[in-house]
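Here's protein_33.pdb, which has PDB, C-alpha atoms:
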ATOM      1  CA  MET A   1      35.848  62.328-134.116
ATOM      2  CA  ASN A   2      36.450  58.902-135.667
ATOM      3  CA  ARG A   3      35.190  55.603-134.307
ATOM      4  CA  LYS A   4      38.470  54.765-132.557
ATOM      5  CA  GLU A   5      38.624  58.105-130.734
ATOM      6  CA  TYR A   6      34.956  57.775-129.790
ATOM      7  CA  GLY A   7      35.620  54.309-128.372
ATOM      8  CA  ILE A   8      38.554  55.569-126.287
ATOM      9  CA  LEU A   9      36.462  58.458-124.977
ATOM     10  CA  ALA A  10      33.598  56.126-124.096
ATOM     11  CA  ARG A  11      35.947  53.779-122.227
ATOM     12  CA  ASN A  12      37.522  56.672-120.326
ATOM     13  CA  ASN A  13      34.073  57.938-119.312
ATOM     14  CA  ALA A  14      33.058  54.438-118.216
ATOM     15  CA  VAL A  15      36.199  54.080-116.102
ATOM     16  CA  ARG A  16      35.661  57.510-114.549
ATOM     17  CA  ARG A  17      32.046  56.760-113.655
ATOM     18  CA  ALA A  18      33.009  53.363-112.233
ATOM     19  CA  ALA A  19      35.632  55.074-110.051
ATOM     20  CA  VAL A  20      33.055  57.625-108.883
ATOM     21  CA  TRP A  21      30.575  54.876-107.991
ATOM     22  CA  ALA A  22      33.261  52.922-106.132
ATOM     23  CA  MET A  23      34.214  56.015-104.108
ATOM     24  CA  GLN A  24      30.567  56.751-103.343
ATOM     25  CA  ILE A  25      29.949  53.192-102.146
ATOM     26  CA  GLY A  26      33.007  53.531 -99.915
ATOM     27  CA  ILE A  27      31.771  56.855 -98.533
ATOM     28  CA  PHE A  28      28.290  55.477 -97.830
ATOM     29  CA  ALA A  29      29.743  52.469 -96.016
ATOM     30  CA  ILE A  30      32.203  54.606 -94.038
ATOM     31  CA  SER A  31      29.417  57.003 -93.064
ATOM     32  CA  ALA A  32      27.299  54.164 -91.716
ATOM     33  CA  VAL A  33      30.142  52.677 -89.684
ATOM     34  CA  ALA A  34      31.241  56.119 -88.455
ATOM     35  CA  ALA A  35      27.676  56.920 -87.358
ATOM     36  CA  PHE A  36      27.561  53.829 -85.142
ATOM     37  CA  LEU A  37      31.074  54.433 -83.817
ATOM     38  CA  LEU A  38      30.262  58.023 -82.904
ATOM     39  CA  ARG A  39      26.952  57.004 -81.342
ATOM     40  CA  PHE A  40      28.615  54.417 -79.088
ATOM     41  CA  ASP A  41      31.896  56.268 -78.344
ATOM     42  CA  PHE A  42      33.877  54.161 -80.849
ATOM     43  CA  THR A  43      32.925  50.854 -79.267
ATOM     44  CA  ILE A  44      29.869  49.268 -80.862
ATOM     45  CA  PRO A  45      28.159  46.835 -78.431
ATOM     46  CA  PRO A  46      27.817  43.337 -79.953
ATOM     47  CA  ALA A  47      24.052  43.555 -79.503
ATOM     48  CA  PHE A  48      23.925  46.469 -81.999
ATOM     49  CA  LEU A  49      26.101  44.990 -84.741
ATOM     50  CA  HIS A  50      23.084  43.524 -86.529
ATOM     51  CA  TYR A  51      21.601  47.030 -86.720
ATOM     52  CA  LEU A  52      24.764  48.145 -88.492
ATOM     53  CA  PHE A  53      24.254  45.339 -90.998
ATOM     54  CA  TYR A  54      20.673  46.422 -91.660
ATOM     55  CA  GLY A  55      21.752  50.057 -91.949
ATOM     56  CA  CYS A  56      24.462  49.328 -94.531
ATOM     57  CA  ALA A  57      22.179  46.993 -96.482
ATOM     58  CA  ILE A  58      19.612  49.792 -96.847
ATOM     59  CA  TRP A  59      21.677  53.002 -96.842
ATOM     60  CA  ILE A  60      24.150  52.011 -99.562
ATOM     61  CA  PRO A  61      21.730  50.922-102.339
ATOM     62  CA  VAL A  62      19.181  53.654-101.584
ATOM     63  CA  LYS A  63      21.822  56.383-101.653
ATOM     64  CA  LEU A  64      23.261  54.984-104.881
ATOM     65  CA  ILE A  65      19.819  55.080-106.488
ATOM     66  CA  VAL A  66      19.063  58.611-105.278
ATOM     67  CA  PHE A  67      22.467  59.904-106.390
ATOM     68  CA  GLY A  68      22.009  58.199-109.761
ATOM     69  CA  VAL A  69      18.503  59.570-110.332
ATOM     70  CA  ALA A  70      19.631  63.080-109.298
ATOM     71  CA  LYS A  71      22.749  62.687-111.524
ATOM     72  CA  LEU A  72      25.000  63.612-108.624
ATOM     73  CA  ASP A  73      27.552  61.102-109.912
ATOM     74  CA  ARG A  74      28.046  62.788-113.289
ATOM     75  CA  GLY A  75      29.515  66.183-112.455
ATOM     76  CA  LEU A  76      33.133  67.196-112.996
ATOM     77  CA  TRP A  77      34.463  67.492-109.464
ATOM     78  CA  ARG A  78      37.105  70.031-110.424
ATOM     79  CA  TYR A  79      34.279  72.491-111.221
ATOM     80  CA  VAL A  80      32.160  71.830-108.124
ATOM     81  CA  SER A  81      30.292  74.894-106.861
ATOM     82  CA  ILE A  82      28.032  75.950-104.001
ATOM     83  CA  ILE A  83      25.019  74.893-106.077
ATOM     84  CA  ASP A  84      26.505  71.397-106.382
ATOM     85  CA  VAL A  85      27.046  71.238-102.617
ATOM     86  CA  ILE A  86      23.402  72.220-102.066
ATOM     87  CA  ARG A  87      22.260  69.523-104.518
ATOM     88  CA  ILE A  88      24.457  66.932-102.813
ATOM     89  CA  SER A  89      23.102  67.906 -99.386
ATOM     90  CA  THR A  90      19.529  67.716-100.685
ATOM     91  CA  GLY A  91      20.207  64.305-102.234
ATOM     92  CA  ASN A  92      21.596  63.028 -98.951
ATOM     93  CA  LEU A  93      18.595  64.384 -97.055
ATOM     94  CA  ILE A  94      16.123  62.683 -99.421
ATOM     95  CA  ALA A  95      18.045  59.404 -99.290
ATOM     96  CA  SER A  96      18.194  59.519 -95.485
ATOM     97  CA  ALA A  97      14.442  60.170 -95.265
ATOM     98  CA  ILE A  98      13.719  57.169 -97.489
ATOM     99  CA  CYS A  99      16.124  55.019 -95.480
ATOM    100  CA  TYR A 100      14.469  56.065 -92.230
ATOM    101  CA  PHE A 101      11.136  54.595 -93.287
ATOM    102  CA  LEU A 102      12.701  51.463 -94.814
ATOM    103  CA  ILE A 103      14.762  50.769 -91.704
ATOM    104  CA  TYR A 104      11.743  51.480 -89.496
ATOM    105  CA  TYR A 105       9.666  48.818 -91.277
ATOM    106  CA  ILE A 106      12.407  46.296 -92.169
ATOM    107  CA  ALA A 107      14.963  46.370 -89.361
ATOM    108  CA  PRO A 108      14.227  44.890 -85.908
ATOM    109  CA  PRO A 109      12.847  47.323 -83.306
ATOM    110  CA  GLY A 110      15.363  49.345 -81.339
ATOM    111  CA  PHE A 111      17.426  50.851 -84.151
ATOM    112  CA  PRO A 112      19.372  53.792 -82.569
ATOM    113  CA  ARG A 113      17.598  56.981 -83.653
ATOM    114  CA  ALA A 114      20.655  59.211 -83.246
ATOM    115  CA  VAL A 115      22.443  57.173 -85.915
ATOM    116  CA  TYR A 116      20.120  58.564 -88.607
ATOM    117  CA  VAL A 117      21.228  62.136 -87.947
ATOM    118  CA  ILE A 118      24.905  61.269 -87.506
ATOM    119  CA  ASP A 119      24.968  59.259 -90.724
ATOM    120  CA  LEU A 120      23.364  62.144 -92.620
ATOM    121  CA  MET A 121      25.878  64.651 -91.273
ATOM    122  CA  VAL A 122      28.906  62.448 -91.947
ATOM    123  CA  CYS A 123      27.699  61.533 -95.423
ATOM    124  CA  VAL A 124      27.075  65.168 -96.379
ATOM    125  CA  LEU A 125      30.524  66.157 -95.133
ATOM    126  CA  CYS A 126      32.247  63.299 -96.947
ATOM    127  CA  THR A 127      30.431  63.489-100.281
ATOM    128  CA  SER A 128      30.746  67.282-100.434
ATOM    129  CA  GLY A 129      34.231  67.385 -98.915
ATOM    130  CA  LEU A 130      35.727  64.923-101.390
ATOM    131  CA  ARG A 131      34.499  67.018-104.302
ATOM    132  CA  LEU A 132      35.729  70.253-102.737
ATOM    133  CA  VAL A 133      39.144  68.735-102.012
ATOM    134  CA  THR A 134      39.341  67.657-105.657
ATOM    135  CA  ARG A 135      38.577  71.183-106.801
ATOM    136  CA  VAL A 136      41.100  72.708-104.396
ATOM    137  CA  ALA A 137      43.789  70.259-105.503
ATOM    138  CA  TYR A 138      43.084  70.940-109.170
ATOM    139  CA  SER A 139      43.041  74.707-108.619
ATOM    140  CA  ALA A 140      46.317  74.518-106.707
ATOM    141  CA  GLY A 141      47.856  72.535-109.544
ATOM    142  CA  SER A 142      46.573  75.009-112.112
ATOM    143  CA  PHE A 143      47.912  77.906-110.053
ATOM    144  CA  ALA A 144      51.336  76.278-109.806
ATOM    145  CA  ARG A 145      51.418  75.598-113.526
ATOM    146  CA  GLY A 146      50.510  79.221-114.167
ATOM    147  CA  ASN A 147      53.589  80.621-112.397
ATOM    148  CA  LYS A 148      55.895  80.314-115.390
ATOM    149  CA  GLU A 149      58.327  83.015-116.351
ATOM    150  CA  SER A 150      57.541  82.478-120.042
ATOM    151  CA  GLU A 151      53.949  83.644-119.572
ATOM    152  CA  LYS A 152      52.959  87.270-120.063
ATOM    153  CA  ARG A 153      52.567  89.210-116.854
ATOM    154  CA  THR A 154      48.949  90.341-116.957
ATOM    155  CA  LEU A 155      46.411  92.528-115.183
ATOM    156  CA  ILE A 156      42.675  91.954-115.405
ATOM    157  CA  TYR A 157      40.630  95.160-115.585
ATOM    158  CA  GLY A 158      37.419  94.361-113.711
ATOM    159  CA  ALA A 159      37.223  92.457-110.425
ATOM    160  CA  GLY A 160      33.591  91.427-110.846
ATOM    161  CA  ASP A 161      32.009  88.213-112.072
ATOM    162  CA  ALA A 162      33.461  88.579-115.572
ATOM    163  CA  GLY A 163      36.968  89.159-114.237
ATOM    164  CA  ILE A 164      36.797  86.185-111.877
ATOM    165  CA  THR A 165      35.485  83.972-114.695
ATOM    166  CA  LEU A 166      38.349  85.120-116.919
ATOM    167  CA  LEU A 167      40.871  84.376-114.161
ATOM    168  CA  HIS A 168      39.523  80.841-113.728
ATOM    169  CA  GLU A 169      39.593  80.264-117.479
ATOM    170  CA  ILE A 170      43.224  81.372-117.657
ATOM    171  CA  ARG A 171      44.151  79.028-114.833
ATOM    172  CA  ASN A 172      42.242  76.081-116.295
ATOM    173  CA  ASN A 173      43.376  76.537-119.896
ATOM    174  CA  ALA A 174      47.095  75.868-120.365
ATOM    175  CA  ARG A 175      46.959  77.391-123.858
ATOM    176  CA  LEU A 176      46.288  80.847-122.391
ATOM    177  CA  ALA A 177      49.836  82.003-121.699
ATOM    178  CA  TYR A 178      49.040  84.676-119.107
ATOM    179  CA  ARG A 179      50.300  85.078-115.574
ATOM    180  CA  VAL A 180      47.713  87.162-113.731
ATOM    181  CA  CYS A 181      49.491  89.519-111.318
ATOM    182  CA  GLY A 182      46.472  91.456-110.114
ATOM    183  CA  PHE A 183      43.087  93.020-110.716
ATOM    184  CA  ILE A 184      42.251  96.614-111.594
ATOM    185  CA  ASP A 185      38.816  97.877-110.568
ATOM    186  CA  ASP A 186      37.298 101.354-110.385
ATOM    187  CA  ASP A 187      35.485 100.451-107.164
ATOM    188  CA  LEU A 188      37.980 101.764-104.600
ATOM    189  CA  ALA A 189      36.333  99.657-101.879
ATOM    190  CA  LYS A 190      37.826  96.573-103.536
ATOM    191  CA  THR A 191      41.406  97.854-103.454
ATOM    192  CA  GLY A 192      43.579  95.526-101.396
ATOM    193  CA  LEU A 193      41.086  92.672-101.422
ATOM    194  CA  ARG A 194      42.213  89.234-102.592
ATOM    195  CA  ILE A 195      39.956  87.401-105.023
ATOM    196  CA  SER A 196      40.809  83.768-105.771
ATOM    197  CA  GLY A 197      44.312  84.478-104.532
ATOM    198  CA  VAL A 198      44.822  87.598-106.696
ATOM    199  CA  THR A 199      44.956  91.104-105.214
ATOM    200  CA  VAL A 200      42.947  94.086-106.442
ATOM    201  CA  LEU A 201      45.823  96.542-106.891
ATOM    202  CA  GLY A 202      43.913  99.740-107.529
ATOM    203  CA  ASP A 203      41.678 101.658-109.922
ATOM    204  CA  GLY A 204      42.037 102.561-113.581
ATOM    205  CA  GLY A 205      43.864 105.791-112.783
ATOM    206  CA  ARG A 206      46.850 103.800-111.504
ATOM    207  CA  ILE A 207      47.263 101.506-114.501
ATOM    208  CA  LYS A 208      50.460 103.166-115.749
ATOM    209  CA  SER A 209      52.246 103.103-112.378
ATOM    210  CA  LEU A 210      51.058  99.569-111.567
ATOM    211  CA  ALA A 211      52.117  98.300-114.996
ATOM    212  CA  THR A 212      55.575  99.745-114.475
ATOM    213  CA  LYS A 213      55.875  98.467-110.906
ATOM    214  CA  HIS A 214      54.823  94.898-111.701
ATOM    215  CA  GLY A 215      56.369  94.628-115.167
ATOM    216  CA  ILE A 216      52.977  94.150-116.830
ATOM    217  CA  GLU A 217      52.951  93.116-120.510
ATOM    218  CA  MET A 218      49.204  92.660-121.043
ATOM    219  CA  ILE A 219      45.933  94.087-119.698
ATOM    220  CA  LEU A 220      42.766  92.070-120.264
ATOM    221  CA  ILE A 221      39.487  93.979-119.970
ATOM    222  CA  ALA A 222      36.619  92.110-118.290
ATOM    223  CA  ILE A 223      33.838  94.631-117.744
TER     224      ILE A 223
END

Entire entry expressed as structure tokens:
Amino acid sequence: MNRKEYGILARNNAVRRAAVWAMQIGIFAISAVAAFLLRFDFTIPPAFLHYLFYGCAIWIPVKLIVFGVAKLDRGLWRYVSIIDVIRISTGNLIASAICYFLIYYIAPPGFPRAVYVIDLMVCVLCTSGLRLVTRVAYSAGSFARGNKESEKRTLIYGAGDAGITLLHEIRNNARLAYRVCGFIDDDLAKTGLRISGVTVLGDGGRIKSLATKHGIEMILIAI
């Protein structure tokens, strides 16, 4: 990679991270406002508006710091997993605990206690949900791109972890010109199940008939 390409890559990464930070700031602010709205049935009494100000002034920077330290702002959202959701939930819980003590000592007495829990719940849903929606949208786009007649109609032999990983790689890599039509697995209990939108068609003894029925051109072994 030459210096020009490295500079372009660095700028693209900087823009992406700036966009992620901007979205996170927006989510943190929306969560705070939503927490107060939900607490007061969508009509915040004027006497509690200054608590909202204190909450935003503490929640937003603290959550940004916690997310930055935990590197929750550096993942590729299109590959988000259950482990990432757990990490995001843990990060939100830690940030909320820190904010609780800061608000307790800094904000005026009388801060609504229910708002802490509501803000945590909304923030977890939003920060995790946005990443999951991104993954679903990307997967849907990859699936649509994969339904091309020019691609080889393919079966994957093995509906376990290796087979699922292979399926995801085929969908994510446009250079792999395969159209996965189904799984083959010797575990008869899996027959008929759908895995990532692809059906387990049968066991190895039915390969010939299934290949003929579905016009299969390629069988990839993932065992």

Selected by the PyMOL selection byres ((chain A and resi 198) around 10) in the shown coordinates: which residues, as a PyMOL selection string? chain A and resi 155-156+159+164+167+180-183+192-197+199-201

Selection file, C-alpha atoms, as a PDB file, keeping the file's coordinate frame:
ATOM      1  CA  LEU A 155      46.411  92.528-115.183  1.00  0.00           C
ATOM      2  CA  ILE A 156      42.675  91.954-115.405  1.00  0.00           C
ATOM      3  CA  ALA A 159      37.223  92.457-110.425  1.00  0.00           C
ATOM      4  CA  ILE A 164      36.797  86.185-111.877  1.00  0.00           C
ATOM      5  CA  LEU A 167      40.871  84.376-114.161  1.00  0.00           C
ATOM      6  CA  VAL A 180      47.713  87.162-113.731  1.00  0.00           C
ATOM      7  CA  CYS A 181      49.491  89.519-111.318  1.00  0.00           C
ATOM      8  CA  GLY A 182      46.472  91.456-110.114  1.00  0.00           C
ATOM      9  CA  PHE A 183      43.087  93.020-110.716  1.00  0.00           C
ATOM     10  CA  GLY A 192      43.579  95.526-101.396  1.00  0.00           C
ATOM     11  CA  LEU A 193      41.086  92.672-101.422  1.00  0.00           C
ATOM     12  CA  ARG A 194      42.213  89.234-102.592  1.00  0.00           C
ATOM     13  CA  ILE A 195      39.956  87.401-105.023  1.00  0.00           C
ATOM     14  CA  SER A 196      40.809  83.768-105.771  1.00  0.00           C
ATOM     15  CA  GLY A 197      44.312  84.478-104.532  1.00  0.00           C
ATOM     16  CA  THR A 199      44.956  91.104-105.214  1.00  0.00           C
ATOM     17  CA  VAL A 200      42.947  94.086-106.442  1.00  0.00           C
ATOM     18  CA  LEU A 201      45.823  96.542-106.891  1.00  0.00           C
TER      19      LEU A 201
END

Between atom CA of Ala32 of chain A and atom CA of Asp119 of chain A - distance in Å to one decimal: 5.7 Å

Please write as a PyMOL selection string the full residue list that the PyMOL selection byres ((chain A and resi 50-61) around 12) yields on this file. chain A and resi 21-37+39-40+44-49+62-68+92-113+115-116+119-120+123

Starting from the displayed file, determine the output of the PyMOL selection byres ((chain A and resi 152) around 7) and express the residue list as a PyMOL selection string. chain A and resi 150-151+153-154+177-179+217-218

With distances taken over only C-alpha atoms, which residue among A:Arg171, A:Ile207, A:Ala18, A:Val69 lies nearest Tyr138 of chain A?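 Going through A:Arg171, A:Ile207, A:Ala18, A:Val69 one by one, the smallest distance to Tyr138 of chain A is for A:Arg171.
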
Spatial neighbours of Gly160 of chain A, 10 Å, only C-alpha atoms, chain gap at least 2 places, as number ranges by chain: A: 157-158, 162-166, 183, 185, 187, 190, 195, 222-223

Using all atoms listed in the file, which residue out of A:Ile86, A:Ile184, A:Val15, A:Leu220 lies closest to Arg206 of chain A? A:Ile184

Could you work out an axis-aligned box for segment 214-223 of chain A, taking every atom the file lists and adding 4 Å on each side, and report centre and edge lengths in Å to one decimal, as lines of an AutoDock Vina configuration file?
center_x = 45.1
center_y = 93.5
center_z = -116.4
size_x = 30.5
size_y = 10.8
size_z = 17.3

Residue nearest Val136 of chain A among A:Thr43, A:Thr212, A:Ser81, A:Asn13 (counting all atoms listed in the file):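 Going through A:Thr43, A:Thr212, A:Ser81, A:Asn13 one by one, the smallest distance to Val136 of chain A is for A:Ser81.
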
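The spacing separating atom CA of Gly91 of chain A from atom CA of Tyr79 of chain A amounts to 18.6 Å.
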